[in-house]
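Engineer: So here's work.cif, just mmCIF, N, CA and C atoms:
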data_work
loop_
_atom_site.label_atom_id
_atom_site.label_comp_id
_atom_site.auth_asym_id
_atom_site.auth_seq_id
_atom_site.Cartn_x
_atom_site.Cartn_y
_atom_site.Cartn_z
N MET Q 1 0.86 -1.17 0.00
CA MET Q 1 0.00 0.00 0.00
C MET Q 1 0.90 1.23 0.00
N PRO Q 2 0.77 2.09 -0.98
CA PRO Q 2 1.61 3.28 -1.05
C PRO Q 2 1.33 4.24 0.09
N LEU Q 3 2.32 5.07 0.36
CA LEU Q 3 2.22 6.06 1.43
C LEU Q 3 1.03 6.98 1.21
N GLN Q 4 0.69 7.27 -0.07
CA GLN Q 4 -0.40 8.19 -0.37
C GLN Q 4 -1.75 7.68 0.09
N GLN Q 5 -1.87 6.39 0.40
CA GLN Q 5 -3.16 5.86 0.81
C GLN Q 5 -3.44 6.09 2.28
N PHE Q 6 -2.51 6.69 3.00
CA PHE Q 6 -2.74 7.05 4.39
C PHE Q 6 -2.97 8.55 4.45
N THR Q 7 -3.99 8.96 5.17
CA THR Q 7 -4.24 10.40 5.31
C THR Q 7 -3.22 11.00 6.26
N ASP Q 8 -3.04 12.31 6.17
CA ASP Q 8 -2.13 13.00 7.10
C ASP Q 8 -2.58 12.79 8.53
N SER Q 9 -3.89 12.75 8.72
CA SER Q 9 -4.45 12.53 10.06
C SER Q 9 -4.06 11.16 10.61
N GLU Q 10 -4.16 10.11 9.76
CA GLU Q 10 -3.78 8.77 10.19
C GLU Q 10 -2.29 8.71 10.55
N LEU Q 11 -1.46 9.32 9.70
CA LEU Q 11 -0.03 9.32 9.94
C LEU Q 11 0.30 10.07 11.23
N TYR Q 12 -0.33 11.22 11.43
CA TYR Q 12 -0.09 12.02 12.63
C TYR Q 12 -0.49 11.25 13.89
N THR Q 13 -1.70 10.66 13.87
CA THR Q 13 -2.19 9.93 15.04
C THR Q 13 -1.27 8.77 15.39
N LYS Q 14 -0.84 8.02 14.37
CA LYS Q 14 0.04 6.88 14.61
C LYS Q 14 1.41 7.35 15.11
N ALA Q 15 1.92 8.46 14.57
CA ALA Q 15 3.22 8.99 15.00
C ALA Q 15 3.19 9.38 16.48
N VAL Q 16 2.10 9.99 16.90
CA VAL Q 16 1.96 10.35 18.32
C VAL Q 16 1.88 9.07 19.16
N GLN Q 17 1.10 8.10 18.69
CA GLN Q 17 0.95 6.82 19.42
C GLN Q 17 2.30 6.11 19.56
N LEU Q 18 3.12 6.16 18.51
CA LEU Q 18 4.43 5.50 18.54
C LEU Q 18 5.48 6.30 19.31
N GLY Q 19 5.17 7.55 19.63
CA GLY Q 19 6.14 8.39 20.33
C GLY Q 19 7.17 9.01 19.40
N VAL Q 20 6.91 8.99 18.10
CA VAL Q 20 7.82 9.61 17.13
C VAL Q 20 7.79 11.12 17.30
N ILE Q 21 6.59 11.65 17.59
CA ILE Q 21 6.42 13.08 17.85
C ILE Q 21 5.51 13.24 19.06
N SER Q 22 5.52 14.44 19.62
CA SER Q 22 4.60 14.76 20.71
C SER Q 22 3.35 15.39 20.12
N LYS Q 23 2.26 15.31 20.85
CA LYS Q 23 1.01 15.90 20.37
C LYS Q 23 1.23 17.39 20.13
N GLY Q 24 0.82 17.87 18.98
CA GLY Q 24 0.98 19.27 18.61
C GLY Q 24 2.18 19.51 17.70
N ASP Q 25 3.14 18.58 17.68
CA ASP Q 25 4.30 18.71 16.80
C ASP Q 25 3.93 18.29 15.39
N GLU Q 26 4.74 18.72 14.42
CA GLU Q 26 4.56 18.29 13.04
C GLU Q 26 5.37 17.03 12.82
N LEU Q 27 4.86 16.16 11.94
CA LEU Q 27 5.57 14.93 11.59
C LEU Q 27 6.62 15.25 10.54
N PRO Q 28 7.92 15.06 10.85
CA PRO Q 28 8.96 15.33 9.85
C PRO Q 28 8.79 14.42 8.63
N ARG Q 29 9.08 14.94 7.47
CA ARG Q 29 8.92 14.17 6.23
C ARG Q 29 9.77 12.91 6.25
N ASN Q 30 10.93 12.94 6.87
CA ASN Q 30 11.79 11.77 6.89
C ASN Q 30 11.28 10.68 7.83
N GLN Q 31 10.24 10.94 8.61
CA GLN Q 31 9.66 9.94 9.50
C GLN Q 31 8.34 9.37 8.97
N ARG Q 32 7.81 9.98 7.90
CA ARG Q 32 6.51 9.55 7.37
C ARG Q 32 6.52 8.09 6.93
N SER Q 33 7.60 7.66 6.26
CA SER Q 33 7.64 6.27 5.78
C SER Q 33 7.71 5.28 6.95
N ARG Q 34 8.40 5.67 8.02
CA ARG Q 34 8.47 4.81 9.21
C ARG Q 34 7.08 4.62 9.82
N VAL Q 35 6.34 5.71 9.92
CA VAL Q 35 4.99 5.66 10.48
C VAL Q 35 4.06 4.89 9.54
N ALA Q 36 4.21 5.12 8.23
CA ALA Q 36 3.38 4.40 7.26
C ALA Q 36 3.65 2.90 7.34
N ALA Q 37 4.90 2.52 7.55
CA ALA Q 37 5.24 1.10 7.67
C ALA Q 37 4.54 0.49 8.89
N ALA Q 38 4.47 1.23 9.97
CA ALA Q 38 3.78 0.74 11.17
C ALA Q 38 2.29 0.57 10.88
N LEU Q 39 1.70 1.53 10.17
CA LEU Q 39 0.29 1.42 9.80
C LEU Q 39 0.06 0.24 8.86
N LEU Q 40 0.97 0.04 7.91
CA LEU Q 40 0.86 -1.10 6.99
C LEU Q 40 0.88 -2.42 7.76
N GLU Q 41 1.81 -2.54 8.69
CA GLU Q 41 1.92 -3.77 9.49
C GLU Q 41 0.65 -3.98 10.31
N GLU Q 42 0.12 -2.91 10.86
CA GLU Q 42 -1.12 -3.00 11.64
C GLU Q 42 -2.27 -3.50 10.78
N ARG Q 43 -2.40 -2.96 9.58
CA ARG Q 43 -3.48 -3.39 8.68
C ARG Q 43 -3.27 -4.82 8.20
N ARG Q 44 -2.01 -5.17 7.88
CA ARG Q 44 -1.71 -6.52 7.42
C ARG Q 44 -2.06 -7.54 8.49
N THR Q 45 -1.72 -7.24 9.71
CA THR Q 45 -2.03 -8.13 10.83
C THR Q 45 -3.53 -8.25 11.03
N ALA Q 46 -4.24 -7.13 10.88
CA ALA Q 46 -5.70 -7.15 11.06
C ALA Q 46 -6.39 -7.94 9.96
N GLU Q 47 -5.80 -7.97 8.74
CA GLU Q 47 -6.41 -8.67 7.62
C GLU Q 47 -6.14 -10.17 7.64
N GLN Q 48 -5.11 -10.60 8.36
CA GLN Q 48 -4.79 -12.02 8.41
C GLN Q 48 -5.84 -12.75 9.22
N PRO Q 49 -6.25 -13.91 8.74
CA PRO Q 49 -7.20 -14.67 9.54
C PRO Q 49 -6.52 -15.10 10.84
N SER Q 50 -7.22 -14.89 11.91
CA SER Q 50 -6.65 -15.27 13.20
C SER Q 50 -6.72 -16.78 13.38
N THR Q 51 -5.88 -17.28 14.23
CA THR Q 51 -5.91 -18.71 14.50
C THR Q 51 -7.21 -19.02 15.22
N PRO Q 52 -7.78 -20.16 14.93
CA PRO Q 52 -9.06 -20.49 15.54
C PRO Q 52 -8.95 -20.51 17.07
N THR Q 53 -9.94 -19.95 17.69
CA THR Q 53 -9.96 -19.96 19.14
C THR Q 53 -10.69 -21.20 19.62
N ALA Q 54 -10.45 -21.56 20.83
CA ALA Q 54 -11.11 -22.72 21.41
C ALA Q 54 -12.62 -22.44 21.51
N PRO Q 55 -13.44 -23.44 21.26
CA PRO Q 55 -14.88 -23.24 21.36
C PRO Q 55 -15.28 -22.88 22.78
N VAL Q 56 -16.30 -22.06 22.88
CA VAL Q 56 -16.81 -21.67 24.19
C VAL Q 56 -18.30 -22.00 24.27
N CYS Q 57 -18.76 -22.17 25.46
CA CYS Q 57 -20.18 -22.44 25.69
C CYS Q 57 -20.94 -21.12 25.63
N ALA Q 58 -22.05 -21.10 24.91
CA ALA Q 58 -22.87 -19.89 24.84
C ALA Q 58 -23.45 -19.60 26.21
N LYS Q 59 -23.57 -18.32 26.52
CA LYS Q 59 -24.19 -17.92 27.79
C LYS Q 59 -25.71 -18.01 27.69
N GLU Q 60 -26.25 -17.64 26.51
CA GLU Q 60 -27.71 -17.65 26.34
C GLU Q 60 -28.06 -17.86 24.88
N ILE Q 61 -28.99 -18.76 24.63
CA ILE Q 61 -29.57 -18.95 23.31
C ILE Q 61 -31.05 -18.63 23.44
N ALA Q 62 -31.53 -17.72 22.61
CA ALA Q 62 -32.95 -17.35 22.65
C ALA Q 62 -33.57 -17.67 21.30
N VAL Q 63 -34.70 -18.36 21.31
CA VAL Q 63 -35.44 -18.70 20.09
C VAL Q 63 -36.81 -18.04 20.21
N ARG Q 64 -37.08 -17.09 19.31
CA ARG Q 64 -38.37 -16.38 19.28
C ARG Q 64 -38.91 -16.51 17.87
N GLY Q 65 -39.77 -17.48 17.65
CA GLY Q 65 -40.28 -17.73 16.30
C GLY Q 65 -39.14 -18.17 15.42
N SER Q 66 -38.90 -17.42 14.33
CA SER Q 66 -37.80 -17.77 13.43
C SER Q 66 -36.51 -17.02 13.80
N GLU Q 67 -36.54 -16.18 14.82
CA GLU Q 67 -35.36 -15.42 15.23
C GLU Q 67 -34.58 -16.18 16.30
N ILE Q 68 -33.30 -16.39 16.03
CA ILE Q 68 -32.43 -17.08 16.98
C ILE Q 68 -31.30 -16.14 17.33
N THR Q 69 -31.06 -15.92 18.62
CA THR Q 69 -29.92 -15.13 19.05
C THR Q 69 -29.05 -15.97 19.97
N VAL Q 70 -27.74 -15.78 19.81
CA VAL Q 70 -26.77 -16.46 20.66
C VAL Q 70 -25.98 -15.36 21.38
N ASP Q 71 -26.08 -15.35 22.69
CA ASP Q 71 -25.45 -14.31 23.51
C ASP Q 71 -25.83 -12.91 23.02
N GLY Q 72 -27.10 -12.75 22.65
CA GLY Q 72 -27.62 -11.44 22.24
C GLY Q 72 -27.34 -11.06 20.81
N LYS Q 73 -26.60 -11.89 20.06
CA LYS Q 73 -26.28 -11.57 18.67
C LYS Q 73 -27.09 -12.49 17.75
N PRO Q 74 -27.60 -11.94 16.63
CA PRO Q 74 -28.38 -12.77 15.71
C PRO Q 74 -27.53 -13.94 15.20
N PHE Q 75 -28.14 -15.11 15.14
CA PHE Q 75 -27.48 -16.30 14.61
C PHE Q 75 -27.26 -16.05 13.13
N PRO Q 76 -26.01 -16.12 12.63
CA PRO Q 76 -25.74 -15.64 11.28
C PRO Q 76 -26.03 -16.63 10.14
N TRP Q 77 -26.50 -17.83 10.42
CA TRP Q 77 -26.70 -18.81 9.36
C TRP Q 77 -28.18 -19.13 9.19
N LEU Q 78 -28.52 -19.58 7.99
CA LEU Q 78 -29.90 -20.00 7.73
C LEU Q 78 -30.18 -21.32 8.43
N VAL Q 79 -31.34 -21.40 9.02
CA VAL Q 79 -31.75 -22.61 9.74
C VAL Q 79 -32.90 -23.23 8.95
N ALA Q 80 -32.83 -24.55 8.72
CA ALA Q 80 -33.88 -25.24 7.99
C ALA Q 80 -35.19 -25.22 8.78
N GLN Q 81 -36.29 -25.24 8.04
CA GLN Q 81 -37.60 -25.27 8.69
C GLN Q 81 -37.93 -26.71 9.07
N GLU Q 82 -37.18 -27.20 10.02
CA GLU Q 82 -37.39 -28.53 10.58
C GLU Q 82 -37.52 -28.37 12.07
N PRO Q 83 -38.11 -29.33 12.72
CA PRO Q 83 -38.25 -29.19 14.17
C PRO Q 83 -36.89 -29.07 14.86
N MET Q 84 -36.85 -28.21 15.89
CA MET Q 84 -35.67 -28.08 16.73
C MET Q 84 -35.84 -29.00 17.91
N ASP Q 85 -34.74 -29.51 18.39
CA ASP Q 85 -34.75 -30.32 19.60
C ASP Q 85 -34.17 -29.44 20.71
N ILE Q 86 -35.02 -29.03 21.63
CA ILE Q 86 -34.59 -28.15 22.73
C ILE Q 86 -34.76 -28.91 24.03
N ARG Q 87 -33.68 -29.04 24.77
CA ARG Q 87 -33.73 -29.74 26.06
C ARG Q 87 -33.25 -28.80 27.16
N LEU Q 88 -34.05 -28.70 28.19
CA LEU Q 88 -33.73 -27.83 29.31
C LEU Q 88 -33.49 -28.66 30.56
N ALA Q 89 -32.49 -28.28 31.32
CA ALA Q 89 -32.22 -28.92 32.60
C ALA Q 89 -32.90 -28.10 33.69
N ALA Q 90 -33.03 -28.68 34.86
CA ALA Q 90 -33.70 -28.01 35.97
C ALA Q 90 -32.99 -26.71 36.37
N ASP Q 91 -31.67 -26.65 36.16
CA ASP Q 91 -30.93 -25.44 36.55
C ASP Q 91 -30.99 -24.33 35.49
N GLY Q 92 -31.72 -24.57 34.39
CA GLY Q 92 -31.86 -23.55 33.35
C GLY Q 92 -30.90 -23.74 32.19
N SER Q 93 -29.89 -24.58 32.34
CA SER Q 93 -28.99 -24.84 31.22
C SER Q 93 -29.69 -25.78 30.24
N GLY Q 94 -29.11 -25.95 29.09
CA GLY Q 94 -29.74 -26.86 28.14
C GLY Q 94 -29.01 -26.92 26.82
N THR Q 95 -29.64 -27.54 25.86
CA THR Q 95 -29.08 -27.68 24.52
C THR Q 95 -30.15 -27.36 23.48
N VAL Q 96 -29.70 -26.92 22.32
CA VAL Q 96 -30.58 -26.67 21.18
C VAL Q 96 -29.97 -27.41 19.99
N ARG Q 97 -30.73 -28.27 19.37
CA ARG Q 97 -30.29 -28.97 18.17
C ARG Q 97 -31.14 -28.45 17.01
N LEU Q 98 -30.44 -27.99 15.96
CA LEU Q 98 -31.16 -27.45 14.81
C LEU Q 98 -30.43 -27.88 13.53
N THR Q 99 -31.03 -27.62 12.40
CA THR Q 99 -30.46 -28.01 11.11
C THR Q 99 -30.05 -26.76 10.35
N LEU Q 100 -28.76 -26.69 9.99
CA LEU Q 100 -28.25 -25.56 9.22
C LEU Q 100 -28.30 -25.89 7.74
N LEU Q 101 -28.58 -24.87 6.93
CA LEU Q 101 -28.57 -25.02 5.48
C LEU Q 101 -27.18 -24.67 4.96
N ALA Q 102 -26.70 -25.41 3.96
CA ALA Q 102 -25.39 -25.14 3.37
C ALA Q 102 -25.42 -25.46 1.89
N GLU Q 103 -24.67 -24.71 1.11
CA GLU Q 103 -24.54 -24.98 -0.31
C GLU Q 103 -23.63 -26.17 -0.57
N SER Q 104 -22.70 -26.42 0.34
CA SER Q 104 -21.75 -27.50 0.19
C SER Q 104 -21.38 -28.01 1.58
N VAL Q 105 -21.21 -29.31 1.68
CA VAL Q 105 -20.83 -29.92 2.96
C VAL Q 105 -19.65 -30.84 2.70
N GLN Q 106 -18.64 -30.75 3.55
CA GLN Q 106 -17.49 -31.64 3.48
C GLN Q 106 -17.34 -32.32 4.83
N VAL Q 107 -17.06 -33.60 4.80
CA VAL Q 107 -16.76 -34.33 6.02
C VAL Q 107 -15.34 -34.84 5.85
N LEU Q 108 -14.42 -34.31 6.64
CA LEU Q 108 -13.01 -34.62 6.49
C LEU Q 108 -12.51 -35.43 7.68
N LYS Q 109 -11.62 -36.34 7.39
CA LYS Q 109 -11.01 -37.13 8.45
C LYS Q 109 -10.08 -36.20 9.24
N PRO Q 110 -10.17 -36.17 10.55
CA PRO Q 110 -9.30 -35.28 11.33
C PRO Q 110 -7.83 -35.68 11.20
N GLN Q 111 -6.98 -34.69 11.25
CA GLN Q 111 -5.54 -34.94 11.23
C GLN Q 111 -5.16 -35.59 12.55
N PRO Q 112 -4.29 -36.59 12.52
CA PRO Q 112 -3.87 -37.20 13.79
C PRO Q 112 -3.09 -36.19 14.61
N ASP Q 113 -3.32 -36.20 15.91
CA ASP Q 113 -2.63 -35.31 16.81
C ASP Q 113 -1.15 -35.68 16.83
N SER Q 114 -0.29 -34.70 16.67
CA SER Q 114 1.14 -34.97 16.59
C SER Q 114 1.71 -35.50 17.90
N THR Q 115 0.97 -35.34 19.00
CA THR Q 115 1.46 -35.83 20.29
C THR Q 115 1.07 -37.29 20.53
N GLU Q 116 0.18 -37.81 19.67
CA GLU Q 116 -0.23 -39.20 19.82
C GLU Q 116 0.82 -40.13 19.24
N SER Q 117 1.04 -41.26 19.87
CA SER Q 117 1.97 -42.25 19.32
C SER Q 117 1.20 -43.14 18.35
N GLU Q 118 1.91 -43.63 17.35
CA GLU Q 118 1.23 -44.46 16.35
C GLU Q 118 1.46 -45.92 16.59
#
As structure tokens, what does this structure read like?
Structural biologist:
Amino acid sequence: MPLQQFTDSELYTKAVQLGVISKGDELPRNQRSRVAAALLEERRTAEQPSTPTAPVCAKEIAVRGSEITVDGKPFPWLVAQEPMDIRLAADGSGTVRLTLLAESVQVLKPQPDSTESE
């Protein structure tokens, strides 16, 4: 990404954050590429897919008609119009089983764990 794709405001803000200049100072021209490189690295890192995080248990699943929310956020996938299997425990915890729609499905054999002996 060329230097011209960063606004003066972006460069100034990043320069202050990096301690290259103090707030209120001007960014010297010979430091602009250094600051732009830091911004480039920041964007490159943000664009890289992060490593998968460990699965977590949802705090709350709410089903209201065709609307499903998980922890207050809309469920982002299409759900088939098939019966859901909802099981509740006495303590309020439970499970929801539903059918997701997909254009393509792959079932892959898991890679053997490198720590397992063969």
Engineer: Between Q:Cys57, Q:Ile68, Q:Val96, Q:Leu101, which has the minimum distance to Ala80 of chain Q (counting all atoms listed in the file)?
Structural biologist: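 Selected residue with least distance to Ala80 of chain Q: Q:Leu101.
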Engineer: Taking into account only C-alpha atoms, which residue in the set Q:Glu42, Q:Glu26, Q:Glu103, Q:Glu60 is nearest to Gly72 of chain Q?
Structural biologist: Q:Glu60
Engineer: What parts of chain Q does DSSP call strand (DSSP E or B)? I'd like the answer as a PDB file with N, CA and C atoms, keeping the file's coordinate frame.
Structural biologist:
ATOM      1  N   ILE Q  61     -28.990 -18.760  24.630  1.00  0.00           N
ATOM      2  CA  ILE Q  61     -29.570 -18.950  23.310  1.00  0.00           C
ATOM      3  C   ILE Q  61     -31.050 -18.630  23.440  1.00  0.00           C
ATOM      4  N   ALA Q  62     -31.530 -17.720  22.610  1.00  0.00           N
ATOM      5  CA  ALA Q  62     -32.950 -17.350  22.650  1.00  0.00           C
ATOM      6  C   ALA Q  62     -33.570 -17.670  21.300  1.00  0.00           C
ATOM      7  N   VAL Q  63     -34.700 -18.360  21.310  1.00  0.00           N
ATOM      8  CA  VAL Q  63     -35.440 -18.700  20.090  1.00  0.00           C
ATOM      9  C   VAL Q  63     -36.810 -18.040  20.210  1.00  0.00           C
ATOM     10  N   ARG Q  64     -37.080 -17.090  19.310  1.00  0.00           N
ATOM     11  CA  ARG Q  64     -38.370 -16.380  19.280  1.00  0.00           C
ATOM     12  C   ARG Q  64     -38.910 -16.510  17.870  1.00  0.00           C
ATOM     13  N   GLU Q  67     -36.540 -16.180  14.820  1.00  0.00           N
ATOM     14  CA  GLU Q  67     -35.360 -15.420  15.230  1.00  0.00           C
ATOM     15  C   GLU Q  67     -34.580 -16.180  16.300  1.00  0.00           C
ATOM     16  N   ILE Q  68     -33.300 -16.390  16.030  1.00  0.00           N
ATOM     17  CA  ILE Q  68     -32.430 -17.080  16.980  1.00  0.00           C
ATOM     18  C   ILE Q  68     -31.300 -16.140  17.330  1.00  0.00           C
ATOM     19  N   THR Q  69     -31.060 -15.920  18.620  1.00  0.00           N
ATOM     20  CA  THR Q  69     -29.920 -15.130  19.050  1.00  0.00           C
ATOM     21  C   THR Q  69     -29.050 -15.970  19.970  1.00  0.00           C
ATOM     22  N   VAL Q  70     -27.740 -15.780  19.810  1.00  0.00           N
ATOM     23  CA  VAL Q  70     -26.770 -16.460  20.660  1.00  0.00           C
ATOM     24  C   VAL Q  70     -25.980 -15.360  21.380  1.00  0.00           C
ATOM     25  N   LYS Q  73     -26.600 -11.890  20.060  1.00  0.00           N
ATOM     26  CA  LYS Q  73     -26.280 -11.570  18.670  1.00  0.00           C
ATOM     27  C   LYS Q  73     -27.090 -12.490  17.750  1.00  0.00           C
ATOM     28  N   PRO Q  74     -27.600 -11.940  16.630  1.00  0.00           N
ATOM     29  CA  PRO Q  74     -28.380 -12.770  15.710  1.00  0.00           C
ATOM     30  C   PRO Q  74     -27.530 -13.940  15.200  1.00  0.00           C
ATOM     31  N   VAL Q  79     -31.340 -21.400   9.020  1.00  0.00           N
ATOM     32  CA  VAL Q  79     -31.750 -22.610   9.740  1.00  0.00           C
ATOM     33  C   VAL Q  79     -32.900 -23.230   8.950  1.00  0.00           C
ATOM     34  N   ASP Q  85     -34.740 -29.510  18.390  1.00  0.00           N
ATOM     35  CA  ASP Q  85     -34.750 -30.320  19.600  1.00  0.00           C
ATOM     36  C   ASP Q  85     -34.170 -29.440  20.710  1.00  0.00           C
ATOM     37  N   ILE Q  86     -35.020 -29.030  21.630  1.00  0.00           N
ATOM     38  CA  ILE Q  86     -34.590 -28.150  22.730  1.00  0.00           C
ATOM     39  C   ILE Q  86     -34.760 -28.910  24.030  1.00  0.00           C
ATOM     40  N   ARG Q  87     -33.680 -29.040  24.770  1.00  0.00           N
ATOM     41  CA  ARG Q  87     -33.730 -29.740  26.060  1.00  0.00           C
ATOM     42  C   ARG Q  87     -33.250 -28.800  27.160  1.00  0.00           C
ATOM     43  N   LEU Q  88     -34.050 -28.700  28.190  1.00  0.00           N
ATOM     44  CA  LEU Q  88     -33.730 -27.830  29.310  1.00  0.00           C
ATOM     45  C   LEU Q  88     -33.490 -28.660  30.560  1.00  0.00           C
ATOM     46  N   GLY Q  94     -29.110 -25.950  29.090  1.00  0.00           N
ATOM     47  CA  GLY Q  94     -29.740 -26.860  28.140  1.00  0.00           C
ATOM     48  C   GLY Q  94     -29.010 -26.920  26.820  1.00  0.00           C
ATOM     49  N   THR Q  95     -29.640 -27.540  25.860  1.00  0.00           N
ATOM     50  CA  THR Q  95     -29.080 -27.680  24.520  1.00  0.00           C
ATOM     51  C   THR Q  95     -30.150 -27.360  23.480  1.00  0.00           C
ATOM     52  N   VAL Q  96     -29.700 -26.920  22.320  1.00  0.00           N
ATOM     53  CA  VAL Q  96     -30.580 -26.670  21.180  1.00  0.00           C
ATOM     54  C   VAL Q  96     -29.970 -27.410  19.990  1.00  0.00           C
ATOM     55  N   ARG Q  97     -30.730 -28.270  19.370  1.00  0.00           N
ATOM     56  CA  ARG Q  97     -30.290 -28.970  18.170  1.00  0.00           C
ATOM     57  C   ARG Q  97     -31.140 -28.450  17.010  1.00  0.00           C
ATOM     58  N   LEU Q 100     -28.760 -26.690   9.990  1.00  0.00           N
ATOM     59  CA  LEU Q 100     -28.250 -25.560   9.220  1.00  0.00           C
ATOM     60  C   LEU Q 100     -28.300 -25.890   7.740  1.00  0.00           C
TER      61      LEU Q 100
END
Engineer: Taking only chain Q into account, list the residues labelled alpha helix (DSSP H) by DSSP (computed from the backbone), as a PyMOL selection string.
Structural biologist: chain Q and resi 8-18+29-47
Engineer: Kindly indicate which residue among Q:Ala54, Q:Ala46, Q:Val35, Q:Val79 lies nearest to Ala102 of chain Q, using only N, CA and C atoms for the distances.
Structural biologist: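 Of Q:Ala54, Q:Ala46, Q:Val35, Q:Val79, the one nearest Ala102 of chain Q, counting only N, CA and C atoms, is Q:Val79.
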Engineer: Run the PyMOL selection byres ((chain Q and resi 86) around 6) against the file shown and list the residues it catches, as an MDAnalysis selection string.
Structural biologist: chainID Q and resid 84:85 87:88 95:97
Engineer: Can you work out the spacing between atom N of Leu108 of chain Q and atom CA of Gln81 of chain Q in Å, to one decimal?
Structural biologist: 25.0 Å
Engineer: In Å, how far is it from atom C of Thr45 of chain Q to atom C of Gly19 of chain Q?
Structural biologist: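 These atoms are spaced 22.0 Å apart.
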Engineer: For atom CA of Gly92 of chain Q and atom CA of Lys73 of chain Q, quote the distance in Å rounded to one decimal.
Structural biologist: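 Going from atom CA of Gly92 of chain Q over to atom CA of Lys73 of chain Q covers 19.8 Å.
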Engineer: Residues around (1.6, 10.2, 14.3), cut-off 8 Å, counting all atoms listed in the file - what are they as a list in words?
Structural biologist: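 Those residues, ordered by chain and then number, are Asp8, Ser9, Glu10, Leu11, Tyr12, Thr13, Lys14, Ala15, Val16, Gln17, Leu18, Gly19, Val20, Ile21, Ser22, Glu26, Leu27 and Val35 of chain Q.
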Engineer: Translate the PyMOL selection byres ((chain Q and resi 71) around 7) into a concrete residue list for this structure, as a ChimeraX atom specification.
Structural biologist: /Q:58-62,69-70,72-74
Engineer: Select, from Q:Gly24, Q:Asp91, Q:Gln5, Q:Phe75, the residue with the minimum atom-to-atom distance to Val63 of chain Q, counting only C-alpha atoms.
Structural biologist: Q:Phe75
